[in-house]
Amino acid sequence: MNLQSPITSGNRALKMYSGRLANLNIFTYEDFLFHLPSRYQDFSIFSKISEVQEGETVTIKGQVLQVKNQYLRGNRIKTIQKALITDGTGKIELLWFNQPYLTKTLKEGSTVSLSGRVERTRNGFSINSPEYEVLFGEGATAIHTARLVPIYPETKGVSSKWLRRQIYNILSEFGDKIIDPLPDELQKRHGFMGLKKALEQVHFPTTIAEAQKARERLGFDELFLIQLAANKRRMEWNETKKTNPIYIEKYKKNIDSFTRSLPFTLTDSQNKAIDEIFSDISKVKPMNRLLQGDVGSGKTVVAAIAMYASYLNGFQSVLMAPTEILASQHFKTIENLLTPLGVRVKIVTGSKKLTDAFDILVGTHAVLSEKIVFDNLSLVVIDEQQRFGVAQRGIIRGKGASPHLLTMTATPIPRTVALTMYGDLDLSYLRELPQDRKRVKTWLVPPEKRLPAYEWIRKQINETKSQAFIICPFIEESESMQTVKAAKVEYEKLKQEIFPDLRLDILHGKLKGKEKEEVLTRFRHGDFDILVATPVVEVGIDIPNSTIIMIEASERFGLAQLHQLRGRVGRGEKQSFCLLFTDTEKGQNSQRLKGMETLHSGAELAELDLKLRGPGDMYGTNQHGIPKLKAATFADTILIQRAKHEADRIFPQIIRFPELLKKINTLSIQKVSPD
Ligand code: ADP
Ligand code: MG
């Protein structure tokens, strides 16, 4: 048995707990060691019983004089356990509730350590519900009392106390087998503690300062390994076969006349991104670039220009999108732009089969089908790349000879996160929205303004002939029947009671691709006024005449989601509005929701999110499937820089450090697509 052994190979208790422990991502003994405390309870102050003070949190050590159960007739409290302890300087009473087994654990005469808050009683002092542990033999170590006691993230049926015991045992048993993968020289330069000591100190610290030092060391490891893995992926990418360069200079005239023919001028960011892409694809080394830009920043046209360049070079390209709605929208855009220039643009989705030859193929996952064959695929574009898994990306790239890859996302993530997690990609940002786009006026609507808000929506629709989205509450991560049911109820209510004079329809994830498409087409044609939708249908709907989006229970959404939903409006000429409904007090005082009123770019909101929620739930990381860091935080830019610096320095000689190599080979940071 070693640290990497699965816990199911362990004792009965562990086997029994393995299901619950999976909720905490604990599968091996080692995983226990990296299940880090969320905080510490300070039980480090000892007191003699004769010196205890009312209100102090102290640890006392002594012998059990007496312990007994008292039965009550109460509903909540059925039994009380009373113990009397002495340490030679005095006696103190201890009380617990509903823990009858304590009379078996705390036997008379045993030595115990107890921590808790001292209360005054009629005839002395007592401690209610103290933490306790029996000390067997001289020099026995207390782990639940008498120290800085680690408190862990728990799950149903797994308490901190239980975890603490396991972790303590594993550290004692396997401590000497912990291999420190960091080169000595590096550790010395950064003044890091060794891995074994860091693990001991993070769980059972001697002081808070030591705990912090331990966490810094572990955080460094985490970031360092992620970045080494990124370096490795970059190296592997660079070692892949050479690909067809897509020449630009040669076709400059065509490309320029195409961009001039667009009904708008490109933004500076778009021009910059296009230059970066052109520079990449004109090389034999395949491009691997992530294009980030808020909803509405104009990523599609950037992709279209690159695909046009590929066409001019006599090559095929493909654009893959996660939903049927998005795919057909892209198809329409690209078809409009490029068919006049002689480009054959085709679409393939679950419901639309491919029949003809093409230069550019747009589609959903359907493009992955074995039946879809390319002659000379040279450029792959993936929209909302985080919605696809590594395997799917691999399949589509496999349809060409190492084609250039452009991935896109409408959920920008903070720079530090991108640098850490996507260190192997080159990044382009569309920082601004096109000039003529008006800011979406955003209001937080309290419950008492609900009816006036409905009235305002009605007036707005009637007077400006615009349309509205109403987004139902976010209930679960993936769209369940429950969400759909809630949406249907809401839809009926709105239709019958609130807006009987307007035309409404509903869109949810359980509709078939074709049905969704039909609803959207009718909405686009103005066949009805209000689209009631569930939250998951958010991405990429482009309906310029809809100027109002009303979001129910907005406090349940993350900022990144709200921002993306808001991006559904403000796409046309007219002033647009976003109404954030919230019925909870928390929602009304939420800095997050208030931020939506004043901040309008994903980048700014990401900063706010970082400030408010702390680093655990960083903006956009959920949408990108980026796992939470355990020891480090994305907010710690300095540690990220240090780790990056060292990763770049060590990587070329990684072969000298087999332990590091082993670690990065098992490190898989890309989550497989949820759909
Ligand atoms: P996203 O980045 O969200 O995918 P789109 O590519 O769908 O954005 O673009 C949104 C809308 O903006 C489209 O209607 C597109 O034609 C338009 N658009 C793109 N670039 C510009 C620009 N530079 N100026 C004005 N409108 C633009
Ligand atoms: Mg888009």
# chains A, B, ... in the order shown; residues from 1 in each chain; ligands from 1
call {"tool": "select_by_dssp", "arguments": {"residues": "range 96-179 of chain A", "states": "helix (DSSP H, G or I)", "output": "number ranges by chain"}}
result
A: 102-105, 160-177
call {"tool": "write_last_selection", "arguments": {"atoms": "C-alpha atoms", "output": "PDB file, in the first residue's frame"}}
result
ATOM      1  CA  LEU A 102     -20.000   9.373  25.475  1.00  0.00           C
ATOM      2  CA  THR A 103     -20.325   7.411  28.686  1.00  0.00           C
ATOM      3  CA  LYS A 104     -18.545   4.612  26.861  1.00  0.00           C
ATOM      4  CA  THR A 105     -15.837   6.810  25.342  1.00  0.00           C
ATOM      5  CA  SER A 160     -13.994  17.396  10.122  1.00  0.00           C
ATOM      6  CA  LYS A 161     -13.257  15.294  13.177  1.00  0.00           C
ATOM      7  CA  TRP A 162     -13.286  12.113  11.148  1.00  0.00           C
ATOM      8  CA  LEU A 163     -11.184  13.637   8.366  1.00  0.00           C
ATOM      9  CA  ARG A 164      -8.711  14.997  10.888  1.00  0.00           C
ATOM     10  CA  ARG A 165      -8.176  11.520  12.336  1.00  0.00           C
ATOM     11  CA  GLN A 166      -7.652   9.950   8.910  1.00  0.00           C
ATOM     12  CA  ILE A 167      -5.271  12.647   7.791  1.00  0.00           C
ATOM     13  CA  TYR A 168      -3.315  12.409  11.008  1.00  0.00           C
ATOM     14  CA  ASN A 169      -3.014   8.651  10.634  1.00  0.00           C
ATOM     15  CA  ILE A 170      -1.979   8.865   6.997  1.00  0.00           C
ATOM     16  CA  LEU A 171       0.648  11.471   7.813  1.00  0.00           C
ATOM     17  CA  SER A 172       2.033   9.247  10.583  1.00  0.00           C
ATOM     18  CA  GLU A 173       1.975   6.114   8.499  1.00  0.00           C
ATOM     19  CA  PHE A 174       3.074   7.435   5.120  1.00  0.00           C
ATOM     20  CA  GLY A 175       4.857  10.652   6.063  1.00  0.00           C
ATOM     21  CA  ASP A 176       8.266   9.271   5.301  1.00  0.00           C
ATOM     22  CA  LYS A 177       7.146   8.071   1.908  1.00  0.00           C
TER      23      LYS A 177
END
call {"tool": "residues_near_ligand", "arguments": {"ligand": "ligand 1", "cutoff": "6 Å", "atoms": "only C-alpha atoms and all ligand atoms", "output": "ChimeraX atom specification"}}
result
/A:264-267,293-301,434
call {"tool": "write_last_selection", "arguments": {"atoms": "all heavy atoms", "output": "compact mmCIF listing (two decimals), in the first residue's frame"}}
result
# COMPACT_ATOMS: atom_id res chain seq x y z
N PHE A 264 -19.65 47.54 -41.94
CA PHE A 264 -19.11 48.31 -40.80
C PHE A 264 -17.59 48.31 -40.91
O PHE A 264 -17.02 47.54 -41.69
CB PHE A 264 -19.54 47.70 -39.47
CG PHE A 264 -19.44 46.19 -39.43
CD1 PHE A 264 -18.20 45.57 -39.34
CD2 PHE A 264 -20.59 45.39 -39.49
CE1 PHE A 264 -18.10 44.18 -39.30
CE2 PHE A 264 -20.50 44.00 -39.46
CZ PHE A 264 -19.25 43.40 -39.37
N THR A 265 -16.95 49.19 -40.13
CA THR A 265 -15.49 49.11 -40.07
C THR A 265 -15.09 48.27 -38.86
O THR A 265 -15.74 48.33 -37.81
CB THR A 265 -14.83 50.50 -39.94
OG1 THR A 265 -15.59 51.24 -39.00
CG2 THR A 265 -14.78 51.21 -41.28
N LEU A 266 -14.05 47.53 -39.02
CA LEU A 266 -13.61 46.66 -37.94
C LEU A 266 -13.07 47.49 -36.78
O LEU A 266 -12.50 48.57 -36.99
CB LEU A 266 -12.53 45.71 -38.45
CG LEU A 266 -13.00 44.72 -39.52
CD1 LEU A 266 -11.83 44.00 -40.15
CD2 LEU A 266 -13.99 43.71 -38.93
N THR A 267 -13.25 46.99 -35.58
CA THR A 267 -12.69 47.69 -34.42
C THR A 267 -11.18 47.45 -34.39
O THR A 267 -10.66 46.55 -35.05
CB THR A 267 -13.28 47.15 -33.10
OG1 THR A 267 -12.89 45.77 -32.96
CG2 THR A 267 -14.79 47.25 -33.08
N GLY A 293 -13.61 37.31 -26.30
CA GLY A 293 -14.27 38.60 -26.51
C GLY A 293 -15.70 38.51 -26.05
O GLY A 293 -16.39 37.52 -26.28
N ASP A 294 -16.13 39.58 -25.37
CA ASP A 294 -17.51 39.64 -24.88
C ASP A 294 -18.50 39.31 -25.98
O ASP A 294 -18.20 39.46 -27.16
CB ASP A 294 -17.80 41.07 -24.42
CG ASP A 294 -17.53 41.23 -22.95
OD1 ASP A 294 -17.08 40.25 -22.33
OD2 ASP A 294 -17.76 42.33 -22.42
N VAL A 295 -19.65 38.93 -25.53
CA VAL A 295 -20.78 38.77 -26.45
C VAL A 295 -20.93 40.06 -27.25
O VAL A 295 -20.90 41.15 -26.69
CB VAL A 295 -22.06 38.54 -25.63
CG1 VAL A 295 -23.27 38.65 -26.51
CG2 VAL A 295 -22.00 37.19 -24.96
N GLY A 296 -21.04 39.93 -28.56
CA GLY A 296 -21.25 41.11 -29.39
C GLY A 296 -19.99 41.82 -29.81
O GLY A 296 -20.03 42.85 -30.47
N SER A 297 -18.84 41.29 -29.41
CA SER A 297 -17.58 41.97 -29.76
C SER A 297 -17.18 41.67 -31.20
O SER A 297 -16.25 42.27 -31.73
CB SER A 297 -16.48 41.57 -28.79
OG SER A 297 -16.30 40.17 -28.80
N GLY A 298 -17.87 40.75 -31.85
CA GLY A 298 -17.62 40.53 -33.27
C GLY A 298 -16.58 39.47 -33.57
O GLY A 298 -15.71 39.65 -34.43
N LYS A 299 -16.67 38.34 -32.90
CA LYS A 299 -15.72 37.26 -33.14
C LYS A 299 -15.99 36.56 -34.47
O LYS A 299 -15.08 36.12 -35.15
CB LYS A 299 -15.78 36.23 -32.00
CG LYS A 299 -15.30 36.80 -30.67
CD LYS A 299 -15.32 35.77 -29.55
CE LYS A 299 -16.70 35.36 -29.13
NZ LYS A 299 -17.52 36.42 -28.51
N THR A 300 -17.28 36.46 -34.81
CA THR A 300 -17.64 35.67 -36.00
C THR A 300 -16.97 36.22 -37.26
O THR A 300 -16.44 35.45 -38.07
CB THR A 300 -19.17 35.66 -36.20
OG1 THR A 300 -19.78 35.45 -34.93
CG2 THR A 300 -19.57 34.56 -37.15
N VAL A 301 -16.98 37.53 -37.39
CA VAL A 301 -16.42 38.09 -38.61
C VAL A 301 -14.90 37.90 -38.65
O VAL A 301 -14.32 37.68 -39.72
CB VAL A 301 -16.84 39.58 -38.78
CG1 VAL A 301 -16.20 40.47 -37.75
CG2 VAL A 301 -16.54 40.05 -40.19
N PRO A 434 -18.16 47.05 -30.83
CA PRO A 434 -18.26 47.99 -31.94
C PRO A 434 -18.87 49.31 -31.49
O PRO A 434 -19.76 49.33 -30.64
CB PRO A 434 -19.18 47.26 -32.92
CG PRO A 434 -18.94 45.82 -32.65
CD PRO A 434 -18.67 45.73 -31.18
call {"tool": "residues_around", "arguments": {"residues": "range 618-634 of chain A", "least_positions_apart": "4", "cutoff": "8 Å", "atoms": "only C-alpha atoms", "output": "MDAnalysis selection string"}}
result
chainID A and resid 34:36 215:216 218:220 222:223 386:387 411:414 416:417 421 558:560 605:606 609:610 613:614 640 669:671
call {"tool": "residues_around", "arguments": {"residues": "Gln99 in chain A", "least_positions_apart": "3", "cutoff": "8 Å", "atoms": "only C-alpha atoms", "output": "list of chain:residue names"}}
result
A:Thr79, A:Ile80, A:Gln81, A:Trp96, A:Leu102
call {"tool": "residues_around", "arguments": {"residues": "Arg397 in chain A", "least_positions_apart": "3", "cutoff": "10 Å", "atoms": "only C-alpha atoms", "output": "list in words"}}
result
Val318, Leu368, Leu377, Ser378, Leu379, Val380, Val381, Ala391, Gln392, Arg393, Gly394, Gly400, Ala401, Ser402, Pro403, His404 and Leu405 of chain A
call {"tool": "atom_distance", "arguments": {"atom1": "CA of Leu520 in chain A", "atom2": "CA of Ala453 in chain A"}}
result
24.7 Å
